[in-house]
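Novice: So I've got this file, coords-v5.json, and it contains JSON, C-alpha atoms:
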[["chain", "number", "residue", "atom", "x", "y", "z"],
["C", 1, "MET", "CA", -10.57, 66.57, -112.83],
["C", 2, "ALA", "CA", -11.17, 65.10, -109.37],
["C", 3, "LYS", "CA", -8.13, 64.68, -107.12],
["C", 4, "PRO", "CA", -7.25, 61.22, -105.67],
["C", 5, "GLN", "CA", -8.14, 62.35, -102.16],
["C", 6, "ASP", "CA", -11.52, 63.58, -103.41],
["C", 7, "MET", "CA", -12.17, 60.17, -104.99],
["C", 8, "ASP", "CA", -11.22, 58.46, -101.73],
["C", 9, "LEU", "CA", -13.60, 60.72, -99.82],
["C", 10, "ILE", "CA", -16.43, 59.98, -102.24],
["C", 11, "GLY", "CA", -15.71, 56.27, -101.90],
["C", 12, "HIS", "CA", -15.89, 56.51, -98.10],
["C", 13, "PHE", "CA", -19.23, 58.30, -98.30],
["C", 14, "GLU", "CA", -20.58, 55.68, -100.70],
["C", 15, "GLU", "CA", -19.43, 52.91, -98.36],
["C", 16, "LEU", "CA", -20.99, 54.68, -95.37],
["C", 17, "ARG", "CA", -24.23, 55.12, -97.29],
["C", 18, "LYS", "CA", -24.29, 51.42, -98.12],
["C", 19, "ARG", "CA", -23.78, 50.42, -94.48],
["C", 20, "LEU", "CA", -26.47, 52.82, -93.26],
["C", 21, "ILE", "CA", -28.96, 51.48, -95.82],
["C", 22, "ILE", "CA", -28.33, 47.91, -94.65],
["C", 23, "ILE", "CA", -28.80, 48.92, -91.01],
["C", 24, "LEU", "CA", -31.99, 50.83, -91.80],
["C", 25, "GLY", "CA", -33.30, 47.94, -93.89],
["C", 26, "THR", "CA", -32.67, 45.51, -91.04],
["C", 27, "PHE", "CA", -34.50, 47.81, -88.65],
["C", 28, "LEU", "CA", -37.51, 48.12, -90.97],
["C", 29, "VAL", "CA", -37.78, 44.36, -91.52],
["C", 30, "LEU", "CA", -37.61, 43.65, -87.79],
["C", 31, "PHE", "CA", -40.04, 46.50, -87.11],
["C", 32, "ILE", "CA", -42.62, 45.00, -89.48],
["C", 33, "LEU", "CA", -42.22, 41.53, -87.95],
["C", 34, "ALA", "CA", -42.50, 42.93, -84.42],
["C", 35, "PHE", "CA", -45.56, 44.95, -85.39],
["C", 36, "VAL", "CA", -47.24, 41.80, -86.76],
["C", 37, "TYR", "CA", -46.67, 39.96, -83.46],
["C", 38, "VAL", "CA", -47.04, 42.97, -81.19],
["C", 39, "GLN", "CA", -50.16, 41.60, -79.49],
["C", 40, "ASP", "CA", -48.28, 38.50, -78.37],
["C", 41, "ILE", "CA", -45.43, 40.70, -77.11],
["C", 42, "TYR", "CA", -47.90, 42.89, -75.23],
["C", 43, "GLN", "CA", -49.64, 39.91, -73.61],
["C", 44, "TRP", "CA", -46.31, 38.51, -72.45],
["C", 45, "ILE", "CA", -45.24, 41.81, -70.86],
["C", 46, "VAL", "CA", -48.51, 42.43, -68.98],
["C", 47, "ARG", "CA", -49.13, 38.82, -67.97],
["C", 48, "ASP", "CA", -48.20, 39.32, -64.30],
["C", 49, "ILE", "CA", -49.23, 42.88, -63.52],
["C", 50, "GLU", "CA", -51.83, 43.30, -60.78],
["C", 51, "VAL", "CA", -53.23, 46.65, -61.89],
["C", 52, "GLN", "CA", -55.67, 47.44, -64.64],
["C", 53, "LEU", "CA", -54.30, 49.32, -67.63],
["C", 54, "ALA", "CA", -56.49, 51.73, -69.53],
["C", 55, "ILE", "CA", -56.27, 53.96, -72.58],
["C", 56, "LEU", "CA", -57.57, 57.50, -72.90],
["C", 57, "GLY", "CA", -58.00, 57.50, -76.65],
["C", 58, "PRO", "CA", -57.63, 55.42, -79.81],
["C", 59, "SER", "CA", -54.22, 56.91, -80.53],
["C", 60, "ASP", "CA", -52.84, 55.35, -77.34],
["C", 61, "ILE", "CA", -53.27, 51.90, -78.88],
["C", 62, "LEU", "CA", -51.16, 52.86, -81.87],
["C", 63, "TRP", "CA", -48.57, 54.46, -79.58],
["C", 64, "VAL", "CA", -48.13, 51.21, -77.63],
["C", 65, "TYR", "CA", -47.89, 49.19, -80.84],
["C", 66, "LEU", "CA", -45.20, 51.48, -82.24],
["C", 67, "LEU", "CA", -43.28, 51.61, -78.96],
["C", 68, "LEU", "CA", -43.08, 47.84, -78.55],
["C", 69, "ALA", "CA", -42.20, 47.29, -82.20],
["C", 70, "CYS", "CA", -39.44, 49.92, -81.98],
["C", 71, "VAL", "CA", -37.86, 48.41, -78.87],
["C", 72, "VAL", "CA", -37.84, 44.91, -80.37],
["C", 73, "SER", "CA", -36.46, 46.10, -83.71],
["C", 74, "ILE", "CA", -33.74, 48.23, -82.05],
["C", 75, "SER", "CA", -32.65, 45.24, -79.97],
["C", 76, "GLY", "CA", -32.43, 43.05, -83.05],
["C", 77, "THR", "CA", -30.64, 45.69, -85.12],
["C", 78, "ILE", "CA", -27.77, 46.16, -82.66],
["C", 79, "PRO", "CA", -25.63, 43.20, -83.85],
["C", 80, "MET", "CA", -26.19, 44.12, -87.50],
["C", 81, "ALA", "CA", -25.28, 47.77, -86.80],
["C", 82, "ALA", "CA", -22.12, 46.65, -84.98],
["C", 83, "TYR", "CA", -21.17, 44.33, -87.83],
["C", 84, "GLN", "CA", -21.73, 46.99, -90.49],
["C", 85, "THR", "CA", -19.66, 49.45, -88.45],
["C", 86, "TRP", "CA", -16.89, 46.86, -88.30],
["C", 87, "LEU", "CA", -17.05, 46.37, -92.09],
["C", 88, "PHE", "CA", -16.78, 50.14, -92.57],
["C", 89, "VAL", "CA", -13.68, 50.56, -90.39],
["C", 90, "ARG", "CA", -12.08, 47.20, -91.31],
["C", 91, "PRO", "CA", -9.80, 48.60, -94.06],
["C", 92, "ALA", "CA", -8.14, 50.89, -91.50],
["C", 93, "LEU", "CA", -7.48, 48.07, -89.01],
["C", 94, "LYS", "CA", -4.61, 45.65, -88.78],
["C", 95, "GLU", "CA", -5.25, 41.91, -89.05],
["C", 96, "MET", "CA", -5.11, 41.40, -85.28],
["C", 97, "GLU", "CA", -7.38, 44.39, -84.67],
["C", 98, "ARG", "CA", -9.91, 43.00, -87.15],
["C", 99, "LYS", "CA", -10.14, 39.70, -85.28],
["C", 100, "VAL", "CA", -10.37, 41.40, -81.89],
["C", 101, "THR", "CA", -13.06, 43.89, -82.88],
["C", 102, "LEU", "CA", -15.13, 41.23, -84.66],
["C", 103, "ALA", "CA", -15.19, 39.17, -81.47],
["C", 104, "TYR", "CA", -16.91, 42.04, -79.61],
["C", 105, "ILE", "CA", -20.00, 42.08, -81.84],
["C", 106, "PRO", "CA", -21.84, 39.09, -80.26],
["C", 107, "ALA", "CA", -20.95, 40.43, -76.80],
["C", 108, "LEU", "CA", -22.66, 43.74, -77.57],
["C", 109, "PHE", "CA", -25.93, 41.99, -78.34],
["C", 110, "PHE", "CA", -25.85, 39.60, -75.39],
["C", 111, "LEU", "CA", -24.96, 42.34, -72.90],
["C", 112, "PHE", "CA", -27.79, 44.48, -74.27],
["C", 113, "ILE", "CA", -30.24, 41.62, -73.67],
["C", 114, "ILE", "CA", -28.77, 40.97, -70.21],
["C", 115, "GLY", "CA", -29.10, 44.68, -69.36],
["C", 116, "ILE", "CA", -32.74, 44.80, -70.42],
["C", 117, "SER", "CA", -33.45, 41.57, -68.51],
["C", 118, "PHE", "CA", -31.78, 42.99, -65.40],
["C", 119, "GLY", "CA", -33.89, 46.13, -65.61],
["C", 120, "TYR", "CA", -37.11, 44.18, -66.28],
["C", 121, "PHE", "CA", -36.77, 41.29, -63.84],
["C", 122, "VAL", "CA", -34.81, 42.98, -61.02],
["C", 123, "ILE", "CA", -35.04, 46.78, -60.96],
["C", 124, "PHE", "CA", -38.53, 47.32, -62.38],
["C", 125, "PRO", "CA", -40.45, 45.02, -59.96],
["C", 126, "ILE", "CA", -38.70, 46.47, -56.90],
["C", 127, "VAL", "CA", -39.26, 50.09, -57.89],
["C", 128, "PHE", "CA", -42.81, 49.48, -59.12],
["C", 129, "GLN", "CA", -43.90, 47.67, -55.96],
["C", 130, "PHE", "CA", -42.24, 50.29, -53.77],
["C", 131, "LEU", "CA", -44.07, 53.11, -55.50],
["C", 132, "LEU", "CA", -47.37, 51.24, -55.28],
["C", 133, "SER", "CA", -46.85, 50.68, -51.56],
["C", 134, "LEU", "CA", -46.67, 54.43, -51.02],
["C", 135, "SER", "CA", -50.37, 54.75, -51.81],
["C", 136, "GLU", "CA", -51.37, 52.64, -48.74],
["C", 137, "ASP", "CA", -55.04, 52.53, -49.80],
["C", 138, "MET", "CA", -55.10, 56.31, -50.09],
["C", 139, "PHE", "CA", -55.43, 56.20, -53.87],
["C", 140, "MET", "CA", -57.08, 54.03, -56.43],
["C", 141, "THR", "CA", -54.31, 52.53, -58.56],
["C", 142, "PHE", "CA", -55.27, 53.32, -62.12],
["C", 143, "PHE", "CA", -52.67, 53.46, -64.87],
["C", 144, "THR", "CA", -52.90, 54.39, -68.49],
["C", 145, "THR", "CA", -51.13, 52.02, -70.84],
["C", 146, "GLU", "CA", -49.00, 54.89, -72.15],
["C", 147, "LYS", "CA", -47.76, 55.91, -68.69],
["C", 148, "TYR", "CA", -47.11, 52.32, -67.65],
["C", 149, "PHE", "CA", -45.01, 51.52, -70.70],
["C", 150, "GLN", "CA", -43.14, 54.82, -70.46],
["C", 151, "PHE", "CA", -42.19, 53.91, -66.90],
["C", 152, "LEU", "CA", -41.27, 50.36, -67.94],
["C", 153, "LEU", "CA", -39.14, 51.69, -70.79],
["C", 154, "HIS", "CA", -37.25, 54.08, -68.50],
["C", 155, "MET", "CA", -36.54, 51.20, -66.11],
["C", 156, "THR", "CA", -35.27, 48.74, -68.71],
["C", 157, "LEU", "CA", -33.96, 50.20, -71.98],
["C", 158, "PRO", "CA", -31.17, 52.37, -70.44],
["C", 159, "PHE", "CA", -29.73, 49.26, -68.78],
["C", 160, "GLY", "CA", -29.46, 47.61, -72.18],
["C", 161, "PHE", "CA", -27.09, 50.33, -73.35],
["C", 162, "LEU", "CA", -25.31, 50.82, -70.01],
["C", 163, "PHE", "CA", -24.50, 47.12, -69.71],
["C", 164, "GLU", "CA", -22.50, 47.44, -72.92],
["C", 165, "LEU", "CA", -20.02, 49.71, -71.13],
["C", 166, "PRO", "CA", -17.48, 46.90, -70.40],
["C", 167, "VAL", "CA", -17.38, 45.79, -74.04],
["C", 168, "VAL", "CA", -17.06, 49.37, -75.30],
["C", 169, "ILE", "CA", -14.18, 50.08, -72.90],
["C", 170, "MET", "CA", -12.46, 46.81, -73.81],
["C", 171, "PHE", "CA", -12.83, 47.69, -77.49],
["C", 172, "LEU", "CA", -11.38, 51.18, -77.01],
["C", 173, "THR", "CA", -8.55, 49.73, -74.92],
["C", 174, "SER", "CA", -7.69, 47.22, -77.65],
["C", 175, "LEU", "CA", -7.49, 50.09, -80.14],
["C", 176, "GLY", "CA", -5.29, 52.15, -77.82],
["C", 177, "VAL", "CA", -7.84, 54.91, -77.29],
["C", 178, "LEU", "CA", -8.20, 54.15, -73.57],
["C", 179, "ASN", "CA", -6.13, 52.40, -70.93],
["C", 180, "PRO", "CA", -6.98, 51.30, -67.36],
["C", 181, "TYR", "CA", -4.73, 53.91, -65.76],
["C", 182, "ARG", "CA", -6.57, 56.71, -67.51],
["C", 183, "LEU", "CA", -9.86, 55.19, -66.38],
["C", 184, "GLN", "CA", -8.63, 55.12, -62.79],
["C", 185, "LYS", "CA", -7.63, 58.79, -62.96],
["C", 186, "ILE", "CA", -11.07, 59.88, -64.14],
["C", 187, "ARG", "CA", -12.92, 57.54, -61.73],
["C", 188, "LYS", "CA", -14.49, 60.31, -59.66],
["C", 189, "TYR", "CA", -15.70, 62.15, -62.75],
["C", 190, "SER", "CA", -17.08, 58.89, -64.15],
["C", 191, "TYR", "CA", -18.92, 58.24, -60.89],
["C", 192, "PHE", "CA", -20.46, 61.68, -61.11],
["C", 193, "VAL", "CA", -21.66, 61.04, -64.67],
["C", 194, "LEU", "CA", -23.09, 57.66, -63.66],
["C", 195, "ILE", "CA", -24.92, 59.16, -60.68],
["C", 196, "VAL", "CA", -26.41, 61.91, -62.84],
["C", 197, "THR", "CA", -27.42, 59.29, -65.40],
["C", 198, "ALA", "CA", -29.10, 57.17, -62.71],
["C", 199, "VAL", "CA", -31.04, 60.17, -61.38],
["C", 200, "LEU", "CA", -32.21, 61.12, -64.88],
["C", 201, "ILE", "CA", -33.46, 57.65, -65.87],
["C", 202, "THR", "CA", -35.23, 56.78, -62.62],
["C", 203, "PRO", "CA", -38.30, 58.13, -60.83],
["C", 204, "PRO", "CA", -37.63, 60.88, -58.27],
["C", 205, "ASP", "CA", -37.13, 58.68, -55.19],
["C", 206, "LEU", "CA", -34.00, 57.66, -53.31],
["C", 207, "LEU", "CA", -34.56, 53.90, -53.53],
["C", 208, "SER", "CA", -34.75, 53.93, -57.31],
["C", 209, "ASP", "CA", -31.59, 56.03, -57.56],
["C", 210, "VAL", "CA", -29.62, 53.73, -55.25],
["C", 211, "LEU", "CA", -30.80, 50.56, -57.01],
["C", 212, "VAL", "CA", -29.55, 51.96, -60.31],
["C", 213, "ILE", "CA", -26.37, 53.67, -59.11],
["C", 214, "ILE", "CA", -24.94, 50.53, -57.47],
["C", 215, "PRO", "CA", -24.98, 48.32, -60.61],
["C", 216, "LEU", "CA", -23.67, 51.20, -62.74],
["C", 217, "ILE", "CA", -20.66, 51.70, -60.46],
["C", 218, "PHE", "CA", -20.14, 47.93, -60.42],
["C", 219, "LEU", "CA", -20.17, 47.92, -64.23],
["C", 220, "TYR", "CA", -17.59, 50.69, -64.32],
["C", 221, "GLU", "CA", -15.25, 48.84, -61.96],
["C", 222, "CYS", "CA", -15.67, 45.66, -64.01],
["C", 223, "SER", "CA", -14.83, 47.71, -67.09],
["C", 224, "VAL", "CA", -11.60, 48.92, -65.46],
["C", 225, "LEU", "CA", -10.58, 45.36, -64.57],
["C", 226, "LEU", "CA", -11.35, 44.08, -68.07],
["C", 227, "SER", "CA", -9.46, 47.03, -69.52],
["C", 228, "LYS", "CA", -6.40, 45.96, -67.49],
["C", 229, "VAL", "CA", -6.65, 42.44, -68.90],
["C", 230, "VAL", "CA", -6.85, 43.71, -72.48],
["C", 231, "TYR", "CA", -4.08, 46.28, -71.90],
["C", 232, "ARG", "CA", -1.65, 43.74, -70.42],
["C", 233, "ARG", "CA", -2.38, 41.23, -73.17],
["C", 234, "LYS", "CA", -1.79, 43.92, -75.76],
["C", 235, "GLN", "CA", 1.54, 44.82, -74.15],
["C", 236, "LYS", "CA", 2.64, 41.17, -74.17],
["C", 237, "VAL", "CA", 1.82, 40.89, -77.86],
["C", 238, "SER", "CA", 3.79, 44.10, -78.57],
["C", 239, "LEU", "CA", 6.82, 42.84, -76.64],
["C", 240, "ALA", "CA", 6.67, 39.46, -78.39],
["C", 241, "ALA", "CA", 6.60, 41.17, -81.75]]
Please re-express this file's structure in structure tokens.
Specialist:
Amino acid sequence: MAKPQDMDLIGHFEELRKRLIIILGTFLVLFILAFVYVQDIYQWIVRDIEVQLAILGPSDILWVYLLLACVVSISGTIPMAAYQTWLFVRPALKEMERKVTLAYIPALFFLFIIGISFGYFVIFPIVFQFLLSLSEDMFMTFFTTEKYFQFLLHMTLPFGFLFELPVVIMFLTSLGVLNPYRLQKIRKYSYFVLIVTAVLITPPDLLSDVLVIIPLIFLYECSVLLSKVVYRRKQKVSLAA
């Protein structure tokens, strides 16, 4: 006969399975829709580029289609994934914690979009034009579609996730996992991690690294300030109770 704790564990796994199926289903639906309209997405992305893109084989076409559809579907799945995660952990949260954590879900999506937009409209053009200027008529600028979109992806997608850092830190602060004083103590280690991250996601040139490091450090400092706001508000609520 199964023990009560075993039944609880099975119930948790069933609930987790249900949430994962919903997330995967959302991703697949959005992927199919994005794949149907992928030509429009492609035309919008390449509308302003001054270089000619080429493909080296038929498989490159499919690769670009899949890449664009994946990025769009991942972006659209983020709020659903956050909501399903909230539903999974909701029974373990207090009433106030439920309201607070639910409020963070829209912010996750909007910050992801803002991060991608920042990478696409600010960082990518600067880095791309700088790298093109290095040729100085010495080379014929010829890019394969695969290489171009790989570079574009490296310059945009990481910012979508990194821009969610303030919301994640606020969320962890509201749950008591982090506090601003702990974040201040580990500031130098955090800076090191951010610098390494910037170097890994950018091309091997100093300008690209600096352009990425500065906003990442700014995001971290904003996260510390927001963590202080959440921490002080949480303390006031505790004292009032």
Novice: Go ahead and compute the interatomic distance for CA of Phe159 (chain C) and CA of Gly119 (chain C), in Å to one decimal.
Specialist: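 About the pair CA of Phe159 (chain C) and CA of Gly119 (chain C): they are 6.1 Å apart.
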Novice: Name all residues at most 12 Å from Leu87 (chain C) (count all atoms listed in the file; drop same-chain ones fewer than 2 positions away) and give them as a list in words.
Specialist: His12, Glu15, Leu16, Lys18, Arg19, Leu20, Ile22, Met80, Ala81, Ala82, Tyr83, Gln84, Thr85, Val89, Arg90, Pro91, Ala92, Leu93, Arg98, Lys99, Thr101, Leu102 and Ile105 of chain C
Novice: So how many Å separate CA of Phe13 (chain C) and CA of Ile169 (chain C), to one decimal?
Specialist: 27.2 Å
Novice: What's around Ser238 (chain C) at 12 Å? Count all atoms listed in the file, leave out sequence neighbours fewer than 4 positions away in its own chain, and write the answer as a count of residues only.
Specialist: 6
Novice: Which is closer to Gln150 (chain C) than all the others in C:Ile21, C:Val71, C:Val210, C:Ile113, using only C-alpha atoms?
Specialist: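 Of all the options, C:Val71 lies closest to Gln150 (chain C).
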Novice: Rank C:Pro79, C:Pro204, C:Pro58, C:Gly160 by their smallest atom-to-atom distance to Ile23 (chain C), using only C-alpha atoms, and report the top residue only.
Specialist: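 Among the listed residues, the smallest separation from Ile23 (chain C) belongs to C:Pro79.
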Novice: Which residues of region 85-170 of chain C come within 7 Å of region 212-228 of chain C, and what is each one's closest atom pair and distance in Å (one decimal), counting all atoms listed in the file, sorted by chain and residue number, as a Markdown table?
Specialist:
| residue | atom | partner | partner_atom | distance |
| --- | --- | --- | --- | --- |
| C:Leu165 | CA | C:Ser223 | CA | 6.9 |
| C:Pro166 | CA | C:Ser223 | CA | 4.3 |
| C:Ile169 | CA | C:Ser223 | CA | 6.3 |
| C:Met170 | CA | C:Ser227 | CA | 5.2 |
Novice: Counting only C-alpha atoms, which of C:Ile32, C:Ile49, C:Val127, C:Leu56 gets nearest to Leu68 (chain C)?
Specialist: C:Ile32
Novice: I'd like to know which of C:Phe109, C:Glu164, C:Ile41, C:Asp60 is closest to Thr77 (chain C), using all atoms listed in the file.
Specialist: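 Of all the options, C:Phe109 lies closest to Thr77 (chain C).
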Novice: What are the closest atom pairs, with distances in Å to one decimal, for all residues of region 149-192 of chain C lying within 10 Å of region 197-201 of chain C? Consider only C-alpha atoms, order rows by chain and residue number, and present the result as CSV.
Specialist:
residue,atom,partner,partner_atom,distance
C:Phe151,CA,C:Ile201,CA,9.6
C:Leu153,CA,C:Ile201,CA,9.6
C:His154,CA,C:Ile201,CA,5.8
C:Met155,CA,C:Ile201,CA,7.2
C:Thr156,CA,C:Ile201,CA,9.5
C:Leu157,CA,C:Ile201,CA,9.6
C:Pro158,CA,C:Ile201,CA,7.3
C:Phe159,CA,C:Ile201,CA,9.6
C:Leu162,CA,C:Thr197,CA,9.9
C:Tyr191,CA,C:Thr197,CA,9.7
C:Phe192,CA,C:Thr197,CA,8.5
Novice: Work out how far CA of Leu132 (chain C) is from CA of Leu67 (chain C), in Å to one decimal.
Specialist: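 Pair CA of Leu67 (chain C) / CA of Leu132 (chain C) returns 24.0 Å.
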Novice: With distances taken over all atoms listed in the file, which of C:Phe142, C:Phe130, C:Phe118, C:Phe88 is nearest to Glu14 (chain C)?
Specialist: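 Result for the nearest residue to Glu14 (chain C): C:Phe88.
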Novice: Using only C-alpha atoms, which protein or nucleic acid residues come within 10 Å of Phe128 (chain C)? Drop anything in the same chain fewer than 4 positions from it, and give the result as a list in words.
Specialist: Ile123, Phe124, Leu132, Ser133, Tyr148, Phe151, Leu152, Met155, Pro203 and Ser208 of chain C
Novice: Would you please work out which residue, of C:Thr26, C:Met138, C:Val230, C:Leu111, is nearest to Leu175 (chain C) when using only C-alpha atoms?
Specialist: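 Ranking C:Thr26, C:Met138, C:Val230, C:Leu111 by distance to Leu175 (chain C), first place goes to C:Val230.
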